[in-house]
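Raw start-v3.cif, mmCIF, C-alpha atoms (C1' of nucleotides):
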```
data_entry
#
loop_
_atom_site.label_atom_id
_atom_site.label_comp_id
_atom_site.auth_asym_id
_atom_site.auth_seq_id
_atom_site.Cartn_x
_atom_site.Cartn_y
_atom_site.Cartn_z
CA MET Z 25 92.56 8.27 -10.02
CA VAL Z 26 91.00 7.20 -6.76
CA LYS Z 27 87.82 9.15 -6.12
CA SER Z 28 86.79 10.79 -2.89
CA LEU Z 29 83.35 9.93 -1.65
CA ASP Z 30 82.64 13.42 -0.35
CA ASP Z 31 84.68 16.55 -0.19
CA THR Z 32 85.55 16.87 3.42
CA THR Z 33 88.80 18.72 3.99
CA GLU Z 34 90.53 15.46 4.66
CA ASN Z 35 89.46 14.07 1.30
CA LYS Z 36 90.43 17.25 -0.50
CA ILE Z 37 93.88 16.96 1.06
CA LEU Z 38 94.27 13.32 0.11
CA GLY Z 39 93.14 14.00 -3.44
CA ALA Z 40 95.53 16.91 -3.77
CA ALA Z 41 98.43 15.01 -2.19
CA ARG Z 42 97.82 12.07 -4.49
CA LYS Z 43 97.92 14.29 -7.53
CA VAL Z 44 101.05 16.20 -6.52
CA PHE Z 45 103.05 13.26 -5.12
CA TRP Z 46 102.17 11.01 -8.05
CA GLU Z 47 103.35 13.61 -10.53
CA LYS Z 48 106.41 14.98 -8.76
CA GLY Z 49 107.51 12.32 -6.30
CA MET Z 50 108.50 12.87 -2.67
CA ALA Z 51 111.57 15.00 -3.41
CA GLY Z 52 109.88 17.17 -6.04
CA ALA Z 53 106.56 17.74 -4.29
CA ARG Z 54 105.92 20.98 -2.36
CA MET Z 55 103.52 21.30 0.56
CA GLN Z 56 102.47 24.61 -0.98
CA ASP Z 57 101.45 22.86 -4.21
CA ILE Z 58 99.35 20.38 -2.27
CA ALA Z 59 97.71 23.14 -0.26
CA ASP Z 60 96.93 25.12 -3.42
CA GLN Z 61 95.57 22.07 -5.16
CA ALA Z 62 93.33 21.36 -2.18
CA GLY Z 63 92.23 24.99 -1.92
CA ILE Z 64 93.53 25.41 1.62
CA ASN Z 65 96.74 26.68 3.24
CA LYS Z 66 99.89 24.98 4.40
CA ALA Z 67 99.08 25.28 8.09
CA LEU Z 68 95.96 23.21 7.66
CA LEU Z 69 97.93 20.49 5.95
CA HIS Z 70 100.12 20.22 9.00
CA TYR Z 71 97.06 20.19 11.21
CA TYR Z 72 95.80 17.03 9.51
CA TYR Z 73 99.15 15.37 8.83
CA ARG Z 74 101.91 16.45 11.11
CA SER Z 75 104.58 16.39 8.41
CA LYS Z 76 105.24 15.97 4.70
CA GLU Z 77 106.77 12.62 5.54
CA LYS Z 78 103.58 11.39 7.22
CA LEU Z 79 101.36 12.55 4.40
CA PHE Z 80 103.66 10.94 1.88
CA GLU Z 81 103.51 7.65 3.68
CA VAL Z 82 99.73 7.54 3.49
CA ILE Z 83 99.79 8.23 -0.26
CA PHE Z 84 102.61 5.81 -0.97
CA ARG Z 85 101.10 2.98 1.03
CA GLU Z 86 97.80 3.47 -0.78
CA ALA Z 87 99.53 3.64 -4.17
CA SER Z 88 101.66 0.58 -3.71
CA SER Z 89 98.66 -1.42 -2.60
CA LEU Z 90 96.75 -0.26 -5.69
CA PHE Z 91 99.76 -1.22 -7.81
CA PHE Z 92 99.86 -4.78 -6.44
CA MET Z 93 96.27 -5.55 -5.53
CA LYS Z 94 95.05 -6.26 -9.02
CA ILE Z 95 98.12 -8.31 -9.86
CA ALA Z 96 97.60 -10.44 -6.79
CA GLY Z 97 93.87 -10.83 -7.31
CA ILE Z 98 94.17 -12.11 -10.85
CA ILE Z 99 97.26 -14.22 -10.34
CA GLU Z 100 95.71 -16.01 -7.40
CA SER Z 101 92.40 -16.64 -9.17
CA ASP Z 102 91.59 -20.16 -10.20
CA ILE Z 103 91.36 -20.03 -13.99
CA PRO Z 104 93.40 -21.69 -16.78
CA LEU Z 105 96.81 -20.21 -17.58
CA PHE Z 106 95.98 -18.68 -20.95
CA ALA Z 107 92.82 -17.07 -19.62
CA LYS Z 108 94.79 -15.82 -16.65
CA ILE Z 109 97.34 -14.18 -18.93
CA GLU Z 110 94.59 -12.55 -21.00
CA SER Z 111 92.78 -11.35 -17.95
CA PHE Z 112 95.92 -10.03 -16.29
CA CYS Z 113 97.08 -7.99 -19.28
CA GLY Z 114 93.65 -6.62 -20.11
CA GLU Z 115 92.73 -5.60 -16.60
CA TYR Z 116 96.13 -4.36 -15.58
CA ILE Z 117 96.50 -2.14 -18.63
CA ALA Z 118 92.98 -0.86 -18.00
CA MET Z 119 93.76 -0.01 -14.39
CA LEU Z 120 97.01 1.74 -15.32
CA SER Z 121 95.23 3.72 -18.03
CA GLN Z 122 93.09 5.13 -15.24
CA ASN Z 123 96.21 5.81 -13.15
CA PRO Z 124 98.97 6.61 -15.62
CA TYR Z 125 101.35 8.14 -13.06
CA LEU Z 126 101.12 5.17 -10.73
CA PRO Z 127 103.91 2.95 -12.12
CA LEU Z 128 106.61 5.59 -12.24
CA PHE Z 129 105.63 6.89 -8.80
CA VAL Z 130 105.78 3.52 -7.08
CA LEU Z 131 108.83 2.22 -8.92
CA ASN Z 132 110.73 5.45 -8.52
CA GLU Z 133 110.15 5.72 -4.79
CA ALA Z 134 110.92 2.03 -4.34
CA ASN Z 135 114.28 2.69 -6.00
CA LYS Z 136 115.07 5.90 -4.14
CA GLN Z 137 114.17 4.57 -0.73
CA PRO Z 138 114.53 0.80 -0.97
CA TYR Z 139 115.02 0.33 2.77
CA ARG Z 140 111.94 2.24 3.75
CA PHE Z 141 109.97 0.46 1.08
CA LYS Z 142 111.07 -2.92 2.29
CA GLN Z 143 110.40 -2.19 5.94
CA ARG Z 144 107.03 -0.52 5.77
CA PHE Z 145 105.24 -1.49 2.59
CA TRP Z 146 106.12 -5.04 1.98
CA LYS Z 147 103.95 -6.91 4.43
CA ASN Z 148 102.67 -10.28 3.27
CA ARG Z 149 103.49 -9.79 -0.36
CA GLU Z 150 106.45 -12.19 -0.46
CA ASN Z 151 106.58 -14.56 -3.39
CA LEU Z 152 103.94 -12.74 -5.34
CA PHE Z 153 104.54 -14.81 -8.40
CA GLU Z 154 104.88 -18.22 -6.71
CA ARG Z 155 101.33 -19.17 -7.60
CA PHE Z 156 101.82 -18.08 -11.20
CA ALA Z 157 105.02 -20.11 -11.36
CA ARG Z 158 103.14 -23.23 -10.31
CA ASP Z 159 100.54 -22.70 -13.05
CA ILE Z 160 103.31 -22.44 -15.60
CA MET Z 161 105.27 -25.45 -14.42
CA MET Z 162 102.09 -27.47 -14.63
CA GLU Z 163 101.38 -26.47 -18.20
CA ILE Z 164 104.95 -27.28 -19.13
CA GLU Z 165 104.56 -30.77 -17.66
CA ASN Z 166 101.29 -31.15 -19.58
CA LYS Z 167 103.18 -30.20 -22.76
CA LYS Z 168 100.77 -27.34 -23.32
CA ILE Z 169 103.56 -24.76 -23.46
CA ARG Z 170 107.25 -24.91 -24.28
CA PRO Z 171 109.66 -25.07 -21.35
CA LEU Z 172 110.80 -21.72 -20.01
CA LYS Z 173 111.55 -20.32 -16.59
CA PRO Z 174 108.44 -18.85 -14.95
CA ALA Z 175 110.42 -15.86 -13.72
CA HIS Z 176 111.18 -14.76 -17.27
CA LEU Z 177 107.62 -15.24 -18.45
CA PHE Z 178 106.30 -13.27 -15.52
CA MET Z 179 108.85 -10.49 -15.99
CA ASN Z 180 108.05 -10.33 -19.70
CA MET Z 181 104.35 -10.05 -19.08
CA VAL Z 182 104.63 -7.33 -16.46
CA SER Z 183 107.22 -5.45 -18.53
CA MET Z 184 105.01 -5.25 -21.59
CA CYS Z 185 102.02 -4.09 -19.54
CA VAL Z 186 103.74 -1.52 -17.35
CA PHE Z 187 106.65 -0.12 -19.34
CA PRO Z 188 104.60 1.86 -21.89
CA PHE Z 189 103.26 4.05 -19.09
CA ILE Z 190 106.75 4.88 -17.94
CA ALA Z 191 108.12 5.47 -21.41
CA LYS Z 192 105.15 7.51 -22.59
CA PRO Z 193 106.77 10.95 -23.09
CA ILE Z 194 109.79 9.55 -24.88
CA TRP Z 195 107.66 7.18 -26.89
CA MET Z 196 105.34 9.93 -28.04
CA MET Z 197 108.26 12.00 -29.20
CA SER Z 198 110.10 9.23 -30.95
CA SER Z 199 107.02 7.72 -32.57
CA GLY Z 200 105.28 11.02 -33.22
CA MET Z 201 102.06 9.70 -31.69
CA LYS Z 202 99.46 12.16 -30.46
CA GLU Z 203 97.59 11.78 -27.19
CA ASP Z 204 94.53 10.06 -28.66
CA GLU Z 205 96.68 7.74 -30.75
CA PHE Z 206 98.51 6.73 -27.62
CA ILE Z 207 95.22 5.97 -25.87
CA HIS Z 208 94.27 3.79 -28.80
CA PHE Z 209 97.69 2.13 -28.77
CA LEU Z 210 97.20 1.17 -25.13
CA GLU Z 211 93.72 -0.10 -25.90
CA GLU Z 212 95.16 -2.36 -28.61
CA ARG Z 213 97.76 -3.69 -26.21
CA LYS Z 214 95.09 -5.24 -24.01
CA LYS Z 215 94.70 -7.85 -26.75
CA ILE Z 216 98.08 -7.66 -28.46
CA VAL Z 217 100.21 -8.37 -25.40
CA PRO Z 218 98.49 -11.59 -24.28
CA GLU Z 219 98.37 -12.72 -27.91
CA PHE Z 220 102.09 -11.99 -28.23
CA ILE Z 221 102.84 -14.03 -25.12
CA ILE Z 222 100.64 -16.96 -25.97
CA CYS Z 223 102.02 -17.17 -29.52
CA SER Z 224 105.46 -17.41 -27.99
CA ILE Z 225 104.85 -20.11 -25.40
CA LYS Z 226 102.11 -22.27 -26.92
CA LYS Z 227 103.20 -25.64 -28.20
CA MET Y 12 129.53 3.83 -15.82
CA VAL Y 13 131.36 6.23 -18.09
CA LYS Y 14 134.99 6.36 -17.13
CA SER Y 15 137.12 9.43 -16.72
CA LEU Y 16 140.34 9.42 -18.65
CA ASP Y 17 142.25 11.28 -15.95
CA ASP Y 18 141.30 12.74 -12.63
CA THR Y 19 141.35 16.43 -13.26
CA THR Y 20 138.99 18.34 -11.01
CA GLU Y 21 136.56 18.66 -13.89
CA ASN Y 22 136.43 14.90 -14.34
CA LYS Y 23 136.07 14.29 -10.64
CA ILE Y 24 133.10 16.64 -10.63
CA LEU Y 25 131.48 14.98 -13.63
CA GLY Y 26 131.98 11.54 -12.15
CA ALA Y 27 130.51 12.62 -8.84
CA ALA Y 28 127.60 14.44 -10.46
CA ARG Y 29 126.82 11.44 -12.60
CA LYS Y 30 126.70 9.18 -9.58
CA VAL Y 31 124.56 11.48 -7.45
CA PHE Y 32 122.15 12.64 -10.18
CA TRP Y 33 121.68 9.13 -11.55
CA GLU Y 34 120.81 7.79 -8.13
CA LYS Y 35 118.75 10.65 -6.75
CA GLY Y 36 117.46 12.60 -9.73
CA MET Y 37 117.48 16.39 -10.13
CA ALA Y 38 115.07 17.09 -7.27
CA GLY Y 39 116.69 14.69 -4.81
CA ALA Y 40 120.34 15.51 -5.53
CA ARG Y 41 122.27 17.89 -3.26
CA MET Y 42 125.24 19.97 -4.36
CA GLN Y 43 126.86 19.06 -1.05
CA ASP Y 44 126.61 15.33 -1.91
CA ILE Y 45 128.26 15.94 -5.25
CA ALA Y 46 131.02 18.00 -3.66
CA ASP Y 47 131.65 15.33 -1.02
CA GLN Y 48 131.66 12.58 -3.61
CA ALA Y 49 134.19 14.53 -5.68
CA GLY Y 50 136.31 15.34 -2.62
CA ILE Y 51 136.00 19.10 -3.07
CA ASN Y 52 133.74 21.82 -1.70
CA LYS Y 53 130.54 23.37 -2.95
CA ALA Y 54 132.15 26.64 -4.00
CA LEU Y 55 134.37 24.85 -6.45
CA LEU Y 56 131.38 23.17 -8.02
CA HIS Y 57 129.91 26.58 -8.75
CA TYR Y 58 133.23 27.73 -10.10
CA TYR Y 59 133.13 25.02 -12.78
CA TYR Y 60 129.38 24.96 -13.38
CA ARG Y 61 127.58 28.14 -12.48
CA SER Y 62 124.50 26.35 -11.12
CA LYS Y 63 122.99 23.02 -10.21
CA GLU Y 64 120.74 23.43 -13.24
CA LYS Y 65 123.73 23.76 -15.60
CA LEU Y 66 125.54 20.80 -14.14
CA PHE Y 67 122.41 18.73 -14.35
CA GLU Y 68 121.97 19.55 -17.99
CA VAL Y 69 125.43 18.27 -18.84
CA ILE Y 70 124.77 14.99 -17.05
CA PHE Y 71 121.30 14.56 -18.46
CA ARG Y 72 122.32 15.28 -22.03
CA GLU Y 73 125.15 12.78 -21.72
CA ALA Y 74 122.84 10.18 -20.16
CA SER Y 75 120.07 10.47 -22.69
CA SER Y 76 122.52 10.16 -25.52
CA LEU Y 77 123.97 7.02 -23.91
CA PHE Y 78 120.45 5.70 -23.51
CA PHE Y 79 119.62 6.11 -27.20
CA MET Y 80 122.94 5.73 -28.94
CA LYS Y 81 123.12 1.98 -28.80
CA ILE Y 82 119.48 1.59 -29.80
CA ALA Y 83 120.03 3.77 -32.83
CA GLY Y 84 123.28 2.10 -33.81
CA ILE Y 85 121.86 -1.39 -33.86
CA ILE Y 86 118.48 -0.53 -35.31
CA GLU Y 87 120.06 1.29 -38.20
CA SER Y 88 122.56 -1.45 -38.95
CA ASP Y 89 122.08 -3.50 -42.05
CA ILE Y 90 121.50 -7.05 -40.84
CA PRO Y 91 118.53 -9.44 -41.07
CA LEU Y 92 115.61 -8.83 -38.71
CA PHE Y 93 116.08 -11.81 -36.42
CA ALA Y 94 119.78 -11.12 -36.04
CA LYS Y 95 118.95 -7.50 -35.37
CA ILE Y 96 116.56 -8.46 -32.60
CA GLU Y 97 119.13 -10.77 -31.04
CA SER Y 98 121.83 -8.18 -31.28
CA PHE Y 99 119.65 -5.43 -29.88
CA CYS Y 100 118.50 -7.36 -26.82
CA GLY Y 101 121.92 -8.77 -26.03
CA GLU Y 102 123.83 -5.56 -26.38
CA TYR Y 103 121.24 -3.32 -24.79
CA ILE Y 104 120.88 -5.50 -21.73
CA ALA Y 105 124.68 -5.63 -21.49
CA MET Y 106 124.96 -1.86 -21.67
CA LEU Y 107 122.24 -1.36 -19.04
CA SER Y 108 123.91 -3.91 -16.77
CA GLN Y 109 126.91 -1.59 -16.79
CA ASN Y 110 124.64 1.41 -16.12
CA PRO Y 111 121.78 0.11 -14.03
CA TYR Y 112 120.56 3.53 -12.87
CA LEU Y 113 120.41 4.92 -16.41
CA PRO Y 114 116.86 3.91 -17.42
CA LEU Y 115 115.08 5.20 -14.35
CA PHE Y 116 117.11 8.40 -14.42
CA VAL Y 117 116.37 9.24 -18.04
CA LEU Y 118 112.75 8.11 -18.03
CA ASN Y 119 112.00 9.80 -14.74
CA GLU Y 120 113.42 13.16 -15.76
CA ALA Y 121 111.73 12.91 -19.16
CA ASN Y 122 108.43 12.51 -17.32
CA LYS Y 123 109.01 15.21 -14.74
CA GLN Y 124 110.20 17.79 -17.22
CA PRO Y 125 108.74 16.78 -20.58
CA TYR Y 126 108.96 20.25 -22.05
CA ARG Y 127 112.60 20.75 -21.23
CA PHE Y 128 113.34 17.28 -22.48
CA LYS Y 129 111.59 17.90 -25.76
CA GLN Y 130 113.26 21.25 -26.33
CA ARG Y 131 116.84 20.45 -25.49
CA PHE Y 132 117.50 16.77 -25.77
CA TRP Y 133 115.51 15.61 -28.71
CA LYS Y 134 117.61 16.77 -31.61
CA ASN Y 135 117.57 14.50 -34.64
CA ARG Y 136 116.09 11.55 -32.89
CA GLU Y 137 112.66 11.74 -34.49
CA ASN Y 138 111.18 8.49 -35.71
CA LEU Y 139 113.77 6.35 -34.02
CA PHE Y 140 111.93 3.19 -34.87
CA GLU Y 141 111.00 4.05 -38.48
CA ARG Y 142 113.85 2.00 -39.84
CA PHE Y 143 112.93 -0.93 -37.63
CA ALA Y 144 109.32 -0.66 -38.79
CA ARG Y 145 110.41 -0.99 -42.40
CA ASP Y 146 112.40 -4.15 -41.62
CA ILE Y 147 109.33 -5.63 -40.00
CA MET Y 148 106.88 -4.72 -42.74
CA MET Y 149 109.22 -6.32 -45.23
CA GLU Y 150 109.41 -9.59 -43.34
CA ILE Y 151 105.63 -9.61 -43.04
CA GLU Y 152 105.31 -9.22 -46.79
CA ASN Y 153 107.82 -12.02 -47.25
CA LYS Y 154 105.65 -14.19 -44.98
CA LYS Y 155 108.62 -14.71 -42.70
CA ILE Y 156 106.72 -13.40 -39.66
CA ARG Y 157 103.06 -13.13 -38.74
CA PRO Y 158 101.39 -9.76 -39.29
CA LEU Y 159 101.59 -7.37 -36.36
CA LYS Y 160 102.04 -3.66 -35.96
CA PRO Y 161 105.71 -2.68 -35.76
CA ALA Y 162 104.99 -0.24 -32.94
CA HIS Y 163 103.83 -3.04 -30.68
CA LEU Y 164 106.75 -5.29 -31.51
CA PHE Y 165 109.20 -2.48 -30.88
CA MET Y 166 107.52 -1.52 -27.62
CA ASN Y 167 107.50 -5.14 -26.49
CA MET Y 168 111.18 -5.56 -27.23
CA VAL Y 169 112.27 -2.41 -25.45
CA SER Y 170 109.95 -3.12 -22.51
CA MET Y 171 111.40 -6.55 -21.86
CA CYS Y 172 114.97 -5.24 -22.07
CA VAL Y 173 114.60 -2.08 -19.99
CA PHE Y 174 111.86 -2.74 -17.44
CA PRO Y 175 113.78 -5.23 -15.27
CA PHE Y 176 116.28 -2.49 -14.40
CA ILE Y 177 113.51 -0.20 -13.23
CA ALA Y 178 111.65 -2.88 -11.31
CA LYS Y 179 114.75 -4.33 -9.70
CA PRO Y 180 114.13 -3.51 -6.02
CA ILE Y 181 110.51 -4.63 -6.11
CA TRP Y 182 111.38 -7.68 -8.14
CA MET Y 183 114.10 -8.75 -5.75
CA MET Y 184 111.74 -8.48 -2.83
CA SER Y 185 108.82 -10.24 -4.45
CA SER Y 186 110.89 -13.00 -6.01
CA GLY Y 187 113.34 -13.31 -3.16
CA MET Y 188 116.29 -13.14 -5.55
CA LYS Y 189 119.70 -12.16 -4.19
CA GLU Y 190 122.06 -9.77 -5.95
CA ASP Y 191 124.07 -12.44 -7.76
CA GLU Y 192 120.96 -14.31 -8.80
CA PHE Y 193 119.63 -11.11 -10.32
CA ILE Y 194 122.86 -10.64 -12.27
CA HIS Y 195 122.47 -14.15 -13.57
CA PHE Y 196 118.81 -13.53 -14.38
CA LEU Y 197 119.79 -10.54 -16.52
CA GLU Y 198 122.49 -12.57 -18.18
CA GLU Y 199 119.92 -15.19 -19.14
CA ARG Y 200 117.62 -12.55 -20.56
CA LYS Y 201 120.15 -11.65 -23.24
CA LYS Y 202 119.16 -14.93 -24.89
CA ILE Y 203 115.68 -15.49 -23.46
CA VAL Y 204 114.16 -12.21 -24.61
CA PRO Y 205 115.06 -12.45 -28.31
CA GLU Y 206 114.08 -16.11 -28.25
CA PHE Y 207 110.74 -15.17 -26.69
CA ILE Y 208 110.12 -12.56 -29.37
CA ILE Y 209 111.15 -14.70 -32.29
CA CYS Y 210 109.03 -17.63 -31.09
CA SER Y 211 106.09 -15.28 -31.03
CA ILE Y 212 106.44 -13.71 -34.46
CA LYS Y 213 108.06 -16.43 -36.58
CA LYS Y 214 105.77 -18.11 -39.07
"C1'" DG S 7 142.03 26.96 -8.84
"C1'" DT S 8 140.72 26.06 -4.29
"C1'" DC S 9 139.40 27.25 0.07
"C1'" DT S 10 136.32 29.48 4.29
"C1'" DA S 11 132.79 32.25 5.42
"C1'" DT S 12 128.53 34.15 4.49
"C1'" DA S 13 124.50 35.86 1.99
"C1'" DC S 14 120.08 34.68 0.24
"C1'" DT S 15 116.03 31.81 -0.92
"C1'" DC S 16 112.94 28.31 -0.47
"C1'" DG S 17 110.07 25.42 1.89
"C1'" DG S 18 108.64 22.69 6.05
"C1'" DA S 19 106.87 23.53 10.38
"C1'" DT S 20 104.78 26.19 14.41
"C1'" DA S 21 102.36 30.02 17.15
"C1'" DG S 22 98.44 32.13 18.04
"C1'" DA S 23 94.19 34.73 16.69
"C1'" DC S 24 89.56 33.76 15.29
"C1'" DG N 13 88.91 23.71 12.04
"C1'" DT N 14 90.85 27.32 9.53
"C1'" DC N 15 93.41 31.29 8.93
"C1'" DT N 16 97.78 34.87 8.94
"C1'" DA N 17 102.17 35.59 10.33
"C1'" DT N 18 106.51 33.91 11.42
"C1'" DC N 19 110.30 30.96 12.49
"C1'" DC N 20 114.11 28.22 11.19
"C1'" DG N 21 116.79 24.74 8.90
"C1'" DA N 22 118.42 23.24 4.56
"C1'" DG N 23 120.40 24.09 0.40
"C1'" DT N 24 121.95 27.11 -3.60
"C1'" DA N 25 124.89 30.57 -4.68
"C1'" DT N 26 128.46 34.34 -4.02
"C1'" DA N 27 132.41 37.15 -1.86
"C1'" DG N 28 136.82 37.34 -1.00
"C1'" DA N 29 141.27 35.47 0.96
"C1'" DC N 30 145.04 32.63 -0.42
#
```
Go through the file and emit its structure as structure tokens.
Amino acid sequence: MVKSLDDTTENKILGAARKVFWEKGMAGARMQDIADQAGINKALLHYYYRSKEKLFEVIFREASSLFFMKIAGIIESDIPLFAKIESFCGEYIAMLSQNPYLPLFVLNEANKQPYRFKQRFWKNRENLFERFARDIMMEIENKKIRPLKPAHLFMNMVSMCVFPFIAKPIWMMSSGMKEDEFIHFLEERKKIVPEFIICSIKK
Amino acid sequence: MVKSLDDTTENKILGAARKVFWEKGMAGARMQDIADQAGINKALLHYYYRSKEKLFEVIFREASSLFFMKIAGIIESDIPLFAKIESFCGEYIAMLSQNPYLPLFVLNEANKQPYRFKQRFWKNRENLFERFARDIMMEIENKKIRPLKPAHLFMNMVSMCVFPFIAKPIWMMSSGMKEDEFIHFLEERKKIVPEFIICSIKK
DNA sequence: GTCTATACTCGGATAGAC
DNA sequence: GTCTATCCGAGTATAGAC
């Protein structure tokens, strides 16, 4: 949920496009839905953004940067490893709670159009977890944590933060959770996940 | 990858539909693609399955049962908790390695069409993790593991097994892994993930 | 059962008035 | 900038010959 500062037509369009694309994806979204959501007509959409493709690109670029920005910010910060893990999980789960459709949207489109994704949206993000890997290797040398490959630790951490948002509908059916219980479950995970990780790696 | 026993037209269609739907999803799939993939024409598709919708349902029902079957089988088996965790992670990651598009396909469609999913594909799967929860509560009582809510443990376990398959394209870009390194990475996770979990919960 | 040809519908895009 | 009306390609589905 990115908020518009004022409701110019342009902002109404972006807000509507965000909502529709995030929920339905590129293939499932309809220009008519976006127009309706924005309270305008299809022609005006094309006036502002020549094509569906162009509009999608704006939304996807924005979304993928939102999806990675917070990761990058925290990972690159200069705090001790355990604090970094706590901060990452807490803040990332909080951000995703505000934007529950974000993970599936970004990951799905990255899978469906890997080439496009690689070409256009992957500028200067190489080796995102290199810094994190260094932190880990250092703590292993210092005997603060048991030896394990940084890649697995990183993948585990991100998995436990992000996956619940993707699995939500199935999870709610199989666990019988209601909406507010799920919110509470996510809230708990801000503490539970880093605790789970640290229990596992601490020496 | 579910294999066809013989190549009747029906099996060629199912194989083609599986491939196309799994990769592109309902909204992105084209009947023409499926026909081409099967080496027949569109008309014949409609002869066997009246509509795209009907064909999709067959494939989705089959996929979601594949996605849950192995979970259910292992969870309900009658072995000690730690062995169950090891068995689950190893076998589930192995199954997904054979069917890498399965998780995103099932989870994506479950999100896009939650109502349909609930109505048609959720027969007798309620409380999938109830049995697992009992195992955990018992081991907590026996002081074999530290106290933690079964829901979180279960979610953590499934997250770490499934998420890598969904994040693959992004992961490969950000980590710089090549295809064969990723295969190896998944292979390692069959051991690493249960070890990671058990280290965390063992008392 | 399998094909070619075609009908029909949906949805992205444009023309042109205001 | 915003609208109504319309075009046109893509894609699902059907008719009908073989």
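The result of the PyMOL selection byres ((chain N) within 9 of (chain Z)) on the shown file is DG13, DT14 and DC15 of chain N.
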Which residues of chain Z come within 12 Å of chain S, and what is each one's closest atom pair and distance in Å (one decimal), counting all atoms listed in the file, sorted by chain and residue number, as CSV?
```
residue,atom,partner,partner_atom,distance
Z:Ala51,CA,S:DG17,C1',11.8
Z:Gly52,CA,S:DG17,C1',11.4
Z:Ala53,CA,S:DG17,C1',10.5
Z:Arg54,CA,S:DG17,C1',7.4
Z:Met55,CA,S:DG18,C1',7.6
Z:Gln56,CA,S:DG17,C1',8.2
Z:Asp57,CA,S:DG17,C1',10.9
Z:Lys66,CA,S:DG18,C1',9.2
Z:Ala67,CA,S:DA19,C1',8.3
Z:Leu68,CA,S:DA19,C1',11.2
Z:Leu69,CA,S:DA19,C1',10.4
Z:His70,CA,S:DA19,C1',7.6
Z:Tyr71,CA,S:DT20,C1',10.3
Z:Tyr73,CA,S:DA19,C1',11.3
Z:Arg74,CA,S:DA19,C1',8.7
Z:Ser75,CA,S:DA19,C1',7.8
Z:Lys76,CA,S:DG18,C1',7.7
Z:Glu77,CA,S:DG18,C1',10.3
```
At most 9 Å to chain Z: residues in chain Y, only C-alpha atoms, as a ChimeraX atom specification: /Y:34-39,115,118-119,121-123,125,128-129,133,136-141,159,162-164,166-175,177-182,184-187,196,199-200,203-204,206-212
Å distance separating atom CA of Gln48 of chain Y from atom CA of Ala105 of chain Y, one decimal place: 26.5 Å
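For the atom pair formed by atom CA of Asn123 of chain Z and atom CA of Lys78 of chain Z, the distance is 22.4 Å, given to one decimal.
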Centre and edge lengths, as JSON, for the axis-aligned box enclosing every listed atom of segment 14-28 of chain N with 3 Å of padding on each of the six sides, in Å to one decimal?
```
{"center_x": 113.8, "center_y": 30.3, "center_z": 3.9, "size_x": 52.0, "size_y": 20.1, "size_z": 23.2}
```
Between atom CA of Tyr116 of chain Z and atom CA of Ile95 of chain Z - distance in Å to one decimal: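 Atom-to-atom, atom CA of Ile95 of chain Z to atom CA of Tyr116 of chain Z, that is 7.2 Å.
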Hits of the PyMOL selection byres ((chain Z and resi 94) around 12) in this structure, as a list in words: Ala87, Ser88, Ser89, Leu90, Phe91, Phe92, Met93, Ile95, Ala96, Gly97, Ile98, Ile99, Glu100, Ser101, Ser111, Phe112, Cys113, Gly114, Glu115, Tyr116, Ile117, Ala118, Met119, Leu120 and Leu152 of chain Z
Nearby residues (only C-alpha atoms (C1' of nucleotides)) at most 10 Å from Pro158 of chain Y, same-chain spacing under 3 positions excluded, as a PyMOL selection string: chain Y and resi 147-148+150-152+154-155+161+212-214
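Here the question is which of Z:Gln143, Z:Met162, Z:Leu126, Z:Ser121 gets nearest to Glu211 of chain Z using only C-alpha atoms, and that residue is Z:Ser121.
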